[in-house]
Each structure stands twice: as C-alpha cells, then as structure tokens.
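What follows is a short report on a single structure.
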Amino acid sequence: MKKYIGCDLGGTNLRAAIVDVEDGSVLHQMSIPTLAREGHDAVMKRMADLFLQIIQSAGMKRENIGGIGIGVPGVLDLEKGETLFLPNLPGTWPHVPLQETITKRTGLPTALLNDVRSITNGEWRFGAGRGVDTIAVFAIGTGIGGGLVINGQLHLGIGGTGGELGHTTINYNGPICGCGNKGCLEAYASGPAIAAMGMKAVAQGLTTRIAELCKYDFNCITPKLIARAALAGDEIAKDIYERAGFYIGIAAANVCVAIGPRRIIIGGGVAQAGELLLDPIRRALRAHVTCMPVEQVEVVQSQLGDNAGVVGVACWVAKEL
Ligand SMILES: [Zn+2]
C-alpha cells in the first residue's frame, strides 16, 4: 500500500509528513522555516526539496509514495492547481502554479486543498468527526477558518471556496473584517479579538486577574492567559469567553439551519480553552435554532491537533488521484 505526503504550507513553517492513509498515522515528519519573504519561487523550491528529503530520511523510495497533498492558507483555483490569494504570505501568491511546479520538481502527482478544509477532512476521517456523515469545523486561531462535510463528502463549492465559516456575517453593521466585509465572526471571536477584549478590560481599569497575570503588559494578554484567569474564577475573563462562545454559537446556529450537522467541531489554538468556550456555544445554539433538532447536534473539541491538516490533505490526495 502506497503512502502519501501531506504538507502544511504555513506563513512561518513548512511541515511535511508521510501518512498512512489507511489508519491516519503519521509515519515520519519534518519541518523547516518557510522563509516566505524570499518569494513564491524560492518557497516552492524549498517545498519540493523537503518532499524529496523526507522520502529519503524515512528510508523510502519515490515509488512508495502515491502522491503529495498541500494544505494552503488561502484561496485557490482547485481546477487549475493555482494559488489565488494567500493573505498571510508576502506577495499573496496570485496565479502561482503551485501544483504543476511541485509535480515537475518531484515527479509525483500533487493536489492542493485549503488548509482548514484539510483539517476538516482529517478530523472527519480520523479525529473528532469520525463516524458521522455531516460536520462543520470552526478553526479558531489568528483568524477563523472553517470547513464542511455534507452527506459523507468534503464540501468544496465553487473552486473550493465553500466553508469559510469565519466570514459568515453575524452583525451586518459590525466592525470591518480583514476580508473587507463588515461584522464577520472572525472580527468577534478570533484569537486577536479575544485578546483585545482582555486588553480593553485592563485598560478600563476593571478589577480582573488578567491585569495581574499579564503584569500590566498588554503584549502578554493572549486567549490562553485569559483562559487561565477564567479558570481561576475571574468573572471578567469568564465573560470574555462567554461572549466569544456566544458569537461562534450564532454563526454555528446558521450552519445548523443550513446543513443539519451531526457534530460541530471547534479546533485551533483558542479551542484549548475547552468547556469555557464550548459551553456558551452550546447554549447559543439551543437558544437560536428552532427548526431542526438542535439537541442532537454535538459540539466537541477537535482531536488531532497539529496533525489534522497533514493527515487530512494526504487522505484527500489519496482519494482524488
Ligand atoms: Zn471576513
């Protein structure tokens, strides 16, 4: 049985893994700095070299590898195998023929997929989404990514653009989001939005453990620090997670009405707050969905952590090629 390479093209690190797509295990992995400021040609060369190197260092041959899947942080043209807009990489990579370039340089068939759709596929096949046919994933970190599996199929939509759940509008008069729209979920509940709520509380002089924990250094206020304060009983910190969870719950309520998911999976760094975040999401869902059996929708934390993307995109490429 051939193995597949899954790659996570991050703004900081390039990560590659050799994946057994039968059981979702990572057999071997390597990570190098992306050095994204050197431009897309240099990065693509480093990627191809990394793939050839990981095959060698795993003691395998190119013939043992069925193909390469690359999880890409941004908008793609799946049909042409090009990147269209990668907001976190210098130059944003418009019309870069990533698929063709990697295939030429490695001699291996290659496919691209959005990074959070890769995570969605990984969680569905081998993580928190196992065993059900319809799920929604919210990946909450610096931004909010998303993905959907509907009736046993990873949902792609036009050119693979379907499932950007962080950019569903939860307040049409809200603040401007990084995408240009007003009032997206991402502007309310991403890691930076949660940190900003903590900073505001400290700046307002409210009595909160957040101030002690960060020693009045605003740069130290992170979702993780706010979660620590909340777990120590701080009401203001708890309220911040309450609000973030409520906003995610509103977006999730719309998703429930649209696709009737069995499970909603919350991933990304911010999800490490666990029940602090999941509980208000569940309550907002129950309060705002009436036309489908929302009590049957489970809201759970992701399970695969950093491996979800590389496993998911490797499984994707194994199925597509
Ligand atoms: Zn947006």
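Scheme for the structure tokens: letters A, B, ... for chains in order shown; per-chain residue numbers from 1; ligand numbers from 1 in order shown.
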Neighbourhood of ligand 1 at 8 Å, counting only C-alpha atoms and all ligand atoms, reported as a count of residues only: 16
DSSP helix (DSSP H, G or I) selection over stretch 60-184 of chain A, as a ChimeraX atom specification: /A:62-64,98-106,115-126,158-160,165-167
Just write the chosen residues, N, CA, C and O atoms, as a short mmCIF file (atom, residue, chain, number, x, y, z; two decimals), in the first residue's frame.
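After the write, selection01.cif holds the following:
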```cif
data_model
loop_
_atom_site.label_atom_id
_atom_site.label_comp_id
_atom_site.auth_asym_id
_atom_site.auth_seq_id
_atom_site.Cartn_x
_atom_site.Cartn_y
_atom_site.Cartn_z
N ARG A 62 10.80 6.91 -3.98
CA ARG A 62 9.72 7.70 -4.57
C ARG A 62 8.57 6.80 -5.03
O ARG A 62 7.41 7.20 -4.97
N GLU A 63 8.88 5.57 -5.44
CA GLU A 63 7.85 4.63 -5.91
C GLU A 63 6.89 4.22 -4.78
O GLU A 63 5.79 3.74 -5.05
N ASN A 64 7.34 4.40 -3.52
CA ASN A 64 6.46 4.04 -2.38
C ASN A 64 5.42 5.11 -2.11
O ASN A 64 4.52 4.92 -1.30
N LEU A 98 1.27 26.32 -8.28
CA LEU A 98 1.90 25.51 -7.23
C LEU A 98 1.83 24.01 -7.54
O LEU A 98 2.83 23.29 -7.42
N GLN A 99 0.68 23.55 -7.98
CA GLN A 99 0.51 22.12 -8.23
C GLN A 99 1.47 21.63 -9.32
O GLN A 99 2.21 20.66 -9.12
N GLU A 100 1.49 22.34 -10.45
CA GLU A 100 2.33 21.94 -11.58
C GLU A 100 3.82 22.01 -11.20
O GLU A 100 4.60 21.12 -11.55
N THR A 101 4.20 23.06 -10.49
CA THR A 101 5.60 23.24 -10.13
C THR A 101 6.10 22.10 -9.24
O THR A 101 7.19 21.56 -9.46
N ILE A 102 5.29 21.72 -8.26
CA ILE A 102 5.71 20.64 -7.35
C ILE A 102 5.73 19.29 -8.09
O ILE A 102 6.64 18.48 -7.91
N THR A 103 4.75 19.07 -8.96
CA THR A 103 4.73 17.83 -9.74
C THR A 103 6.00 17.73 -10.59
O THR A 103 6.65 16.69 -10.63
N LYS A 104 6.34 18.84 -11.26
CA LYS A 104 7.54 18.83 -12.12
C LYS A 104 8.80 18.59 -11.32
O LYS A 104 9.67 17.81 -11.71
N ARG A 105 8.91 19.25 -10.18
CA ARG A 105 10.16 19.16 -9.42
C ARG A 105 10.32 17.83 -8.69
O ARG A 105 11.43 17.41 -8.40
N THR A 106 9.21 17.17 -8.34
CA THR A 106 9.32 15.94 -7.56
C THR A 106 9.01 14.69 -8.39
O THR A 106 9.34 13.58 -7.97
N ASP A 115 -6.16 25.01 3.68
CA ASP A 115 -5.61 24.40 4.91
C ASP A 115 -6.69 23.98 5.92
O ASP A 115 -6.56 22.93 6.55
N VAL A 116 -7.76 24.78 6.04
CA VAL A 116 -8.78 24.38 7.03
C VAL A 116 -9.70 23.29 6.48
O VAL A 116 -10.22 22.47 7.22
N ARG A 117 -9.88 23.27 5.16
CA ARG A 117 -10.59 22.13 4.57
C ARG A 117 -9.76 20.85 4.77
O ARG A 117 -10.30 19.76 4.93
N SER A 118 -8.44 20.98 4.75
CA SER A 118 -7.56 19.83 5.05
C SER A 118 -7.78 19.36 6.48
O SER A 118 -7.92 18.16 6.74
N ILE A 119 -7.82 20.30 7.42
CA ILE A 119 -8.07 19.97 8.83
C ILE A 119 -9.44 19.30 8.97
O ILE A 119 -9.60 18.29 9.67
N THR A 120 -10.43 19.86 8.27
CA THR A 120 -11.79 19.31 8.32
C THR A 120 -11.79 17.85 7.87
O THR A 120 -12.37 16.98 8.52
N ASN A 121 -11.10 17.60 6.76
CA ASN A 121 -11.05 16.23 6.24
C ASN A 121 -10.34 15.29 7.23
O ASN A 121 -10.78 14.17 7.46
N GLY A 122 -9.25 15.77 7.84
CA GLY A 122 -8.52 14.96 8.81
C GLY A 122 -9.36 14.63 10.03
O GLY A 122 -9.44 13.48 10.48
N GLU A 123 -10.04 15.64 10.58
CA GLU A 123 -10.89 15.41 11.76
C GLU A 123 -12.06 14.49 11.43
O GLU A 123 -12.47 13.68 12.26
N TRP A 124 -12.56 14.64 10.22
CA TRP A 124 -13.69 13.80 9.82
C TRP A 124 -13.26 12.34 9.68
O TRP A 124 -13.90 11.43 10.21
N ARG A 125 -12.12 12.11 9.00
CA ARG A 125 -11.70 10.73 8.75
C ARG A 125 -11.18 10.04 10.01
O ARG A 125 -11.48 8.89 10.26
N PHE A 126 -10.36 10.76 10.79
CA PHE A 126 -9.67 10.08 11.89
C PHE A 126 -9.72 10.80 13.24
O PHE A 126 -9.06 10.40 14.18
N ILE A 158 -17.66 26.40 -5.18
CA ILE A 158 -17.00 26.96 -6.37
C ILE A 158 -15.49 27.04 -6.14
O ILE A 158 -15.02 27.75 -5.26
N GLY A 159 -14.73 26.29 -6.93
CA GLY A 159 -13.27 26.33 -6.85
C GLY A 159 -12.72 26.00 -5.47
O GLY A 159 -11.57 26.32 -5.16
N GLY A 160 -13.51 25.36 -4.63
CA GLY A 160 -13.03 25.01 -3.28
C GLY A 160 -13.21 26.12 -2.26
O GLY A 160 -12.63 26.09 -1.18
N LEU A 165 -16.31 29.55 7.27
CA LEU A 165 -17.29 29.88 8.31
C LEU A 165 -16.90 31.09 9.15
O LEU A 165 -17.75 31.72 9.77
N GLY A 166 -15.62 31.43 9.18
CA GLY A 166 -15.19 32.62 9.92
C GLY A 166 -15.67 33.91 9.29
O GLY A 166 -15.66 34.97 9.93
N HIS A 167 -16.09 33.83 8.04
CA HIS A 167 -16.52 35.03 7.34
C HIS A 167 -18.02 35.03 7.08
O HIS A 167 -18.50 35.71 6.17
#
```
Spatial neighbours of A:Ala203, max dist 10 Å, only C-alpha atoms, sep filter under 6 positions, as a ChimeraX atom specification: /A:197,211,216,218
Writing out the chosen residues with C-alpha atoms as an mmCIF file, in the first residue's frame:
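Writing the result to part.cif gives the following:
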```cif
data_model
loop_
_atom_site.group_PDB
_atom_site.id
_atom_site.type_symbol
_atom_site.label_atom_id
_atom_site.label_comp_id
_atom_site.auth_asym_id
_atom_site.auth_seq_id
_atom_site.Cartn_x
_atom_site.Cartn_y
_atom_site.Cartn_z
ATOM 1 C CA MET A 197 -11.421 42.107 24.889
ATOM 2 C CA ALA A 211 -4.158 42.503 34.826
ATOM 3 C CA TYR A 216 0.005 45.181 33.035
ATOM 4 C CA PHE A 218 -0.710 44.324 27.111
#
```
Residue nearest A:Pro73 - candidates A:Gln303, A:Thr161, A:Asn219, A:Gln296, atoms counted: only C-alpha atoms: A:Thr161
Among the residues A:Val313, A:Ala284, A:Ala128, A:Leu86, the one that comes closest to A:Ala16 [using only C-alpha atoms]: A:Val313
Atom-to-atom span, atom CA of A:Val311 and atom CA of A:Asn88, Å: 22.3 Å
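Closest approach to A:Pro109 among A:Ala271, A:Leu285, A:Ile259, A:Ile70: A:Ile70, based on only C-alpha atoms.
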